Structures are given as structure tokens and as C-alpha cells.
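Asks: First, the structure itself, so that you have it in front of you.
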Amino acid sequence: MIQGATSDAGKTTLVAALCRMFKNRGISVVPFKPQNMALNSAVTEDGGEIGRAQALQAQAAGLKPHTDMNPILIKPTSDTKAQIIIHGKAVGDMDAVIYHDYKTHAMNAVLESYRRLQAQYDVIVVEGAGSPAEINLRDRDIANMGFAEKVDCPVIIIADIDRGGVFAHLVGTLELLSESEQKRVIGFVINRFRGDMSLLQSGLDWLEKKTGKPVLGVIPFIQGLALDAEDALTLGQQKKDVKFRIAALALPRISNHTDMDSLRLHPDIQFEWVGPQQKIPACDLVIIPGSKNVQADFQFLREQEWDQNLKHHLRYGGKVIGICGGMQMLGNKILDPDCIESNLGSSQCLGFLDIETTLTPHKILRQQQGLLWDKSTAVSGYEIHCGISQGNGLKNPALYFNNQNQLVADGAISDDGQVLGTYLHGLFDTSDSCKKILRWAGIDLTAVINIDELREHELNRLTCVVESALNFDSLRL
């Protein structure tokens, strides 16, 4: 099990690298994260929902994502509540106190998945969540040492030296563990090191002497590693001589922002996240991404006066795309009679598309393949939403899903051709569809980023670096 001295220490990428290393040695391996809190998720072939990081790790292991790889997924809907997903299916919204009492049931679900994986694979590489030294979360812990103790799993603690204070992170984390937990720590990994290793050696020697634990490896900083983010937004970089400018709204409950990765990484596209108290800049295309709480995020959009910015953008010929919750915001109204996401009831929205959305208790989770509006350009991705949209705007669909050899319309394009909405996530991940949509938006690119090929390349690059830095043979299996 890989646990972190802090959040974002590198647990996800180390697990992915280890999965690929085991796979390359012909050992059957599977990733596992008992509990994940993230708004970036993936739809599995068994019709469930897991954290996107586990889908990435599954690819590293040469596997298709399955709900057993992440049995508990927590998706925050507000600062105090979250949707709890067990074995890929939502069981309801809970606040922290209620979920704390629910953890005994959640642990049973975790162990159920773990035992199934244990029966199928030679090695399970487990990812912890946050830090095992969070004292207030120790009781009934299922995400870190609570799980490791339950299944008698050896633990590696990883820390990020790029943040500073790496020795304090590691020594302090170990010190705050119980005696039995300390014993199961088999070593440390230091991540994102820059500079001359000889200058670090005295610190490593001190750490090993102080703790009695070996440093299993020091992983260098990997410049520009382009892998799916578990949750945090990856900010765009300023590029020279760009041909096209895209702005995307960084909503408070933004979900599946990895939809934009192929655009953000393209050398000819200047991509920018627009955050609180920022105006939408002059650009060619604005994207409204998905949201876990669409009405609350729409209220936030209005508070930032982005609705006025969007009207100005369209008045001067710009294009707008809304994905999932973003499409719902583009319509006339959102209704939530059962208080699925909030107590707001209903919201008058942007009115750029002649549609109305009603949120429903049933969440739609499915992988999709189909065609764009021209009925000739292939597109693929996944749906993950609570809501049914209706209205005259749907008579001019954005794309068609292939449902048992029948084309089923999805989304809408406005009468003036400036606004497009769809429920399909992964819209830009298919090369031909990405080119077609960008051509609609105003740019004809001869080449686009193939996100699957890029992900595979980056996994191999990551694995090569980790393999050269980590004492793989010292891992106790």
C-alpha cells in the first residue's frame, strides 16, 4: 500500500508506475483504492463509477476499469455534504457525521471488493487517501492504516520534496502512527527531487538512522508529466504563436475537468481556466464543464457575472460549448423537485438553448459511442448525470448515440450555430470528433492530441523514471 505524508505527494502516479512495472514483469496486478474523494470519475464497463485515478492505474496494469478497484467514491456536493457511491452506485448524500457512522458498512464493501481482487490477481497495489497521520480521521479509518491493519498489508510512505520539509513530513507522519502501524511501514519514497543527489545523501542517511526505515527510492521531478489529474485543476501555460484561444469556467463543484486535457495540452491552443473574480477573457471558444451541483454552480456563475461575459462573447461571434451540467446551464431552466442536488428547487438559466432539465434520482452511467451531428464523424465517451433534458432545442442535436444499432439524438446546437451542448464526456478525446468540433468552433487543425496515445506514452515515461529510481527488488511481496 502506498500512503502519502500529504495529499498530492505522488501516491497516484507511484501506484500507476508500480502497476506498469509488475505488468512488464508478467505478474498479474490490479490497482485498488478503498476510498476516494474526487469529482473526476470514470464510467466502468460494469456500469459503475470510480475515481479517474483508478481508471488510469487500470490502464497501467493493462486492465479495463472495474468498480472493485475503487469501492467507495465520495463526491462533494457542498462544503458539508457529499454523494456516497458504493460499488459504483450512488446510495445517497451524507454529511461527515452521518458518513462517520456509516463507515462500518463502507468497510464491509471495501473488504468485499478486496477479497474478489485477491482471488483474481497475484499483486494488489493499494493507494491510500490524504495522509495516515490525520488524527481526527483515525477512528474507523478505511482509507489508510485502518485498511492496512485489517488486511495485514505492508505500507510505503511517499513524500513530496518539492513542497519543502520532506524530512519533517516523513518523521512526523511515522511518529503519529501507532506501534503496530509503524512496524508495517517498510520504507519511504521521496518524490519530485530536483538537483544533485549527492547533496541529499546526508539527509537520507539521517532519515534512515532516525527512523530505522530504508529510503526505497528518490524519484526525480518529471517535467511536464501529462496524466489525468485525480481532482485538482492543472493550470494552462502561456504559449507563443497560438492559433486559437479557449477559456473554461472553473466552477466550485466542477466535475470531470479532464474532458479538456486534449485541448489544454495542444501546442496551438491557448487554454485558460477562468476562476473566481476573473472575467472571461477575449477568446474564440468558452467551455462550461460538468458540475456535481449544477444549480449552486450556476448561481456562482451569475455571481461572477459570467452570464454577462458569455452574452458579450456570443454577440461578437464567439462559440460556447456546455458539457453535461454545462449543457443544462445553457438551457432555459433547471428543475430539482426531489432536491437531488440542493434545496433551490428551480433556476432560470442562460437560455442559449431551448431546453429544460429536470434532475432525477436515477443517475445515468454508461459508456457511449456514436456520431456527431453530421452522422459521419465517430465520437465516443461516457455519460454520467442526474437529469433529463427536454425541449425544441433537441430537434437540432449535437450528436447521436449508437443504441443497439439505432441512432439516438443527444444534446443540441442553437439555431444560430454558436452554442453546442451535450451530455457526452470525453468529447475531445477522439481525434476525428475533436477536429470536427474545433472546425465548428473556428479552427481547422491538421493534428490534435490523441489522449489515449498520450496517456500510454506518459505512463511508459513515468515507469522508466520510477524504475531507475526505485529499489524494486526490495519490495516485500
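All residue names refer to the C-alpha cells as shown: chains lettered A, B, ... in order, residues numbered from 1 in each chain, ligands numbered from 1 in order.
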Env of A:Tyr382: 9 Å cut, atoms = only C-alpha atoms, seq-sep filter 4 positions within chain, self excluded. Answer as a ChimeraX atom specification.
Replies: /A:42-43,365-369,423-427
Asks: Can you check which residues of stretch 230-288 of chain A DSSP gives as strand (DSSP E) on the backbone and send them as a list in words?
Replies: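 Result set for stretch 230-288 of chain A (strand (DSSP E)): Phe244, Arg245, Ile246, Ala247, Ala248, Leu249, Ile254, Ser255, Ile269, Gln270, Phe271, Glu272, Trp273, Val274, Leu285, Val286, Ile287 and Ile288 of chain A.
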Asks: Output C-alpha atoms of each residue in that selection to a file, as a PDB file, in the first residue's frame.
Replies:
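Okay, this is what ended up in selection.pdb:
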ATOM      1  CA  PHE A 244      -6.906  29.505 -31.114  1.00  0.00           C
ATOM      2  CA  ARG A 245      -7.969  30.629 -27.638  1.00  0.00           C
ATOM      3  CA  ILE A 246     -10.212  28.659 -25.280  1.00  0.00           C
ATOM      4  CA  ALA A 247     -11.489  29.636 -21.836  1.00  0.00           C
ATOM      5  CA  ALA A 248     -13.193  27.168 -19.491  1.00  0.00           C
ATOM      6  CA  LEU A 249     -15.108  28.064 -16.351  1.00  0.00           C
ATOM      7  CA  ILE A 254     -16.536  21.203 -11.368  1.00  0.00           C
ATOM      8  CA  SER A 255     -16.545  17.541 -12.349  1.00  0.00           C
ATOM      9  CA  ILE A 269      -4.279  26.239 -28.417  1.00  0.00           C
ATOM     10  CA  GLN A 270      -4.050  28.777 -25.616  1.00  0.00           C
ATOM     11  CA  PHE A 271      -6.203  27.240 -22.883  1.00  0.00           C
ATOM     12  CA  GLU A 272      -7.163  29.145 -19.744  1.00  0.00           C
ATOM     13  CA  TRP A 273      -9.219  28.290 -16.666  1.00  0.00           C
ATOM     14  CA  VAL A 274     -11.348  31.232 -15.524  1.00  0.00           C
ATOM     15  CA  LEU A 285     -14.451  29.358 -27.522  1.00  0.00           C
ATOM     16  CA  VAL A 286     -15.825  29.200 -23.979  1.00  0.00           C
ATOM     17  CA  ILE A 287     -16.494  25.816 -22.382  1.00  0.00           C
ATOM     18  CA  ILE A 288     -18.837  25.297 -19.438  1.00  0.00           C
TER      19      ILE A 288
END
Asks: What does the structure give for the distance between atom CA of A:Asn293 and atom CA of A:Asn332, in Å to one decimal?
Replies: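 Atom-to-atom, atom CA of A:Asn293 to atom CA of A:Asn332, that is 17.1 Å.
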Asks: I need the residues in stretch 223-443 of chain A that are helix (DSSP H, G or I) according to DSSP; give them as an MDAnalysis selection string.
Replies: chainID A and resid 257:264 294:303 306:315 325:330 392:395 431:441
Asks: Return the single residue from A:Ala133, A:Met69, A:Ala38, A:Ala106 that is closest to A:His257, with distances computed using only C-alpha atoms.
Replies: A:Ala38
Asks: Quick one: of A:Asn24, A:Ser431, A:Asn396, A:Asn36, who's nearest to A:Ala82, counting only C-alpha atoms?
Replies: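 Closest residue, counting only C-alpha atoms: A:Asn36.
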Asks: Could you tell me how far atom CA of A:Asp429 sits from atom CA of A:Thr446, in Å to one decimal place?
Replies: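 Rounded to one decimal, the two atoms are 15.3 Å apart.
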Asks: Nearest to A:Pro71 among A:Leu459, A:Met37, A:Ala96, A:Ile158, with distances taken over only C-alpha atoms: which residue is it?
Replies: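 Looking at the shortest contact to A:Pro71, the residue is A:Met37.
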Asks: What lies within 8 Å of A:Pro361 using only C-alpha atoms, ignoring chain neighbours under 3 positions off, as an MDAnalysis selection string?
Replies: chainID A and resid 338 340 386
Asks: Write a file of the selected residues as a tab-separated table (two decimals), in the first residue's frame, keeping N, CA and C atoms.
Replies:
chain	number	residue	atom	x	y	z
A	338	ASP	N	-37.14	16.95	-6.43
A	338	ASP	CA	-36.83	16.00	-5.36
A	338	ASP	C	-35.61	16.41	-4.54
A	340	ILE	N	-32.48	16.70	-5.38
A	340	ILE	CA	-31.40	15.75	-5.65
A	340	ILE	C	-30.05	16.37	-5.32
A	386	CYS	N	-27.38	13.13	-13.48
A	386	CYS	CA	-28.73	13.02	-12.94
A	386	CYS	C	-29.56	14.11	-13.60
Asks: Which residue, A:Glu49, A:Asp68, A:Asp162, A:Asp79, has the smallest gap to A:Ile124 when you use only C-alpha atoms?
Replies: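 Closest to A:Ile124, using only C-alpha atoms: A:Asp68.
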Asks: Would you mind telling me which residue in A:Pro289, A:Pro31, A:Pro267, A:Gly10 lies nearest to A:Lys64 when using only C-alpha atoms?
Replies: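 Smallest separation from A:Lys64 among the options: A:Pro31.
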Asks: Under the rule that only C-alpha atoms are counted, which of A:Met197, A:Ile156, A:Ile74, A:Ile443 is the nearest residue to A:Asp93?
Replies: A:Ile74
Asks: How many Å lie between atom CA of A:Gly381 and atom CA of A:Ile85, rounded to one decimal?
Replies: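 Going from atom CA of A:Gly381 over to atom CA of A:Ile85, I get 20.9 Å.
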Asks: With a distance cut-off of 12 Å and only C-alpha atoms, select the neighbouring residues of A:Ala129, excluding the residue or stretch itself and same-chain residues fewer than 6 positions from it, and output the selection as a PyMOL selection string.
Replies: chain A and resi 1-12+32-38+51+53+70+72-74+137+141-147+157-158+230
Asks: Keeping N, CA and C atoms, export the residues of the selection given above as an mmCIF file, in the first residue's frame.
Replies:
data_model
loop_
_atom_site.group_PDB
_atom_site.id
_atom_site.type_symbol
_atom_site.label_atom_id
_atom_site.label_comp_id
_atom_site.auth_asym_id
_atom_site.auth_seq_id
_atom_site.Cartn_x
_atom_site.Cartn_y
_atom_site.Cartn_z
ATOM 1 N N MET A 1 0.846 -1.191 0.000
ATOM 2 C CA MET A 1 0.000 0.000 0.000
ATOM 3 C C MET A 1 0.881 1.240 0.000
ATOM 4 N N ILE A 2 0.515 2.198 -0.854
ATOM 5 C CA ILE A 2 1.223 3.471 -0.932
ATOM 6 C C ILE A 2 0.403 4.511 -0.183
ATOM 7 N N GLN A 3 0.969 5.059 0.883
ATOM 8 C CA GLN A 3 0.330 6.133 1.632
ATOM 9 C C GLN A 3 1.192 7.387 1.516
ATOM 10 N N GLY A 4 0.561 8.537 1.656
ATOM 11 C CA GLY A 4 1.270 9.797 1.465
ATOM 12 C C GLY A 4 1.448 10.560 2.753
ATOM 13 N N ALA A 5 2.574 11.233 2.884
ATOM 14 C CA ALA A 5 2.771 12.113 4.034
ATOM 15 C C ALA A 5 1.825 13.312 3.954
ATOM 16 N N THR A 6 1.406 13.652 2.727
ATOM 17 C CA THR A 6 0.453 14.732 2.493
ATOM 18 C C THR A 6 -0.419 14.346 1.314
ATOM 19 N N SER A 7 -1.457 15.117 1.080
ATOM 20 C CA SER A 7 -2.176 14.987 -0.178
ATOM 21 C C SER A 7 -1.257 15.421 -1.318
ATOM 22 N N ASP A 8 -1.481 14.865 -2.498
ATOM 23 C CA ASP A 8 -0.715 15.218 -3.692
ATOM 24 C C ASP A 8 0.783 14.970 -3.519
ATOM 25 N N ALA A 9 1.122 13.953 -2.729
ATOM 26 C CA ALA A 9 2.534 13.605 -2.562
ATOM 27 C C ALA A 9 3.056 12.767 -3.718
ATOM 28 N N GLY A 10 2.133 12.166 -4.485
ATOM 29 C CA GLY A 10 2.535 11.322 -5.610
ATOM 30 C C GLY A 10 2.052 9.889 -5.492
ATOM 31 N N LYS A 11 1.069 9.643 -4.644
ATOM 32 C CA LYS A 11 0.549 8.285 -4.458
ATOM 33 C C LYS A 11 0.011 7.721 -5.768
ATOM 34 N N THR A 12 -0.816 8.514 -6.442
ATOM 35 C CA THR A 12 -1.479 8.020 -7.658
ATOM 36 C C THR A 12 -0.465 7.615 -8.718
ATOM 37 N N PHE A 32 -5.971 -0.614 -6.495
ATOM 38 C CA PHE A 32 -7.093 -0.617 -5.557
ATOM 39 C C PHE A 32 -7.006 0.624 -4.681
ATOM 40 N N LYS A 33 -8.092 1.359 -4.595
ATOM 41 C CA LYS A 33 -8.174 2.478 -3.656
ATOM 42 C C LYS A 33 -9.447 2.304 -2.843
ATOM 43 N N PRO A 34 -9.325 1.975 -1.559
ATOM 44 C CA PRO A 34 -10.518 1.686 -0.755
ATOM 45 C C PRO A 34 -11.535 2.821 -0.781
ATOM 46 N N GLN A 35 -11.053 4.037 -0.580
ATOM 47 C CA GLN A 35 -11.942 5.196 -0.527
ATOM 48 C C GLN A 35 -11.284 6.366 -1.237
ATOM 49 N N ASN A 36 -12.043 6.985 -2.109
ATOM 50 C CA ASN A 36 -11.533 8.111 -2.883
ATOM 51 C C ASN A 36 -12.514 9.262 -2.771
ATOM 52 N N MET A 37 -12.020 10.469 -2.566
ATOM 53 C CA MET A 37 -12.862 11.661 -2.621
ATOM 54 C C MET A 37 -12.421 12.479 -3.823
ATOM 55 N N ALA A 38 -13.260 12.516 -4.847
ATOM 56 C CA ALA A 38 -12.887 13.207 -6.083
ATOM 57 C C ALA A 38 -14.123 13.463 -6.923
ATOM 58 N N GLY A 51 -13.153 6.539 -9.245
ATOM 59 C CA GLY A 51 -12.260 7.670 -9.420
ATOM 60 C C GLY A 51 -11.445 7.541 -10.689
ATOM 61 N N ALA A 53 -8.481 8.404 -11.254
ATOM 62 C CA ALA A 53 -7.121 7.941 -10.994
ATOM 63 C C ALA A 53 -7.033 6.423 -11.072
ATOM 64 N N ASN A 70 -12.209 0.662 -6.906
ATOM 65 C CA ASN A 70 -12.476 1.822 -6.039
ATOM 66 C C ASN A 70 -13.886 1.678 -5.462
ATOM 67 N N ILE A 72 -15.396 2.642 -2.727
ATOM 68 C CA ILE A 72 -16.051 3.793 -2.100
ATOM 69 C C ILE A 72 -15.573 5.063 -2.791
ATOM 70 N N LEU A 73 -16.490 5.790 -3.407
ATOM 71 C CA LEU A 73 -16.192 7.068 -4.045
ATOM 72 C C LEU A 73 -17.063 8.139 -3.397
ATOM 73 N N ILE A 74 -16.431 9.196 -2.929
ATOM 74 C CA ILE A 74 -17.136 10.302 -2.280
ATOM 75 C C ILE A 74 -17.048 11.524 -3.192
ATOM 76 N N LEU A 137 -9.225 11.689 11.806
ATOM 77 C CA LEU A 137 -9.858 10.710 10.917
ATOM 78 C C LEU A 137 -9.441 9.277 11.231
ATOM 79 N N ASP A 141 -11.107 4.308 10.433
ATOM 80 C CA ASP A 141 -10.443 4.625 9.161
ATOM 81 C C ASP A 141 -10.534 3.449 8.196
ATOM 82 N N ILE A 142 -10.922 3.750 6.965
ATOM 83 C CA ILE A 142 -10.943 2.721 5.921
ATOM 84 C C ILE A 142 -10.049 3.094 4.750
ATOM 85 N N ALA A 143 -9.453 4.300 4.810
ATOM 86 C CA ALA A 143 -8.708 4.809 3.663
ATOM 87 C C ALA A 143 -7.213 4.586 3.763
ATOM 88 N N ASN A 144 -6.672 4.460 4.971
ATOM 89 C CA ASN A 144 -5.229 4.357 5.143
ATOM 90 C C ASN A 144 -4.860 3.188 6.053
ATOM 91 N N MET A 145 -4.334 3.478 7.240
ATOM 92 C CA MET A 145 -3.859 2.417 8.119
ATOM 93 C C MET A 145 -4.968 1.510 8.632
ATOM 94 N N GLY A 146 -6.189 2.041 8.738
ATOM 95 C CA GLY A 146 -7.302 1.190 9.153
ATOM 96 C C GLY A 146 -7.480 0.019 8.214
ATOM 97 N N PHE A 147 -7.363 0.301 6.915
ATOM 98 C CA PHE A 147 -7.451 -0.768 5.921
ATOM 99 C C PHE A 147 -6.212 -1.654 5.962
ATOM 100 N N ILE A 157 5.513 4.863 2.524
ATOM 101 C CA ILE A 157 5.077 6.258 2.653
ATOM 102 C C ILE A 157 5.874 7.119 1.683
ATOM 103 N N ILE A 158 5.149 7.882 0.870
ATOM 104 C CA ILE A 158 5.776 8.769 -0.113
ATOM 105 C C ILE A 158 5.577 10.219 0.315
ATOM 106 N N GLU A 230 -6.245 13.606 -10.468
ATOM 107 C CA GLU A 230 -7.269 12.974 -9.640
ATOM 108 C C GLU A 230 -8.402 13.946 -9.344
#
Asks: List the neighbours of A:Ala409 out to 7 Å using only C-alpha atoms; skip same-chain residues closer than 4 positions along the sequence, and give me the result as a list of chain:residue names.
Replies: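 Returned residues: A:Pro397, A:Leu399, A:Tyr400, A:Phe401.
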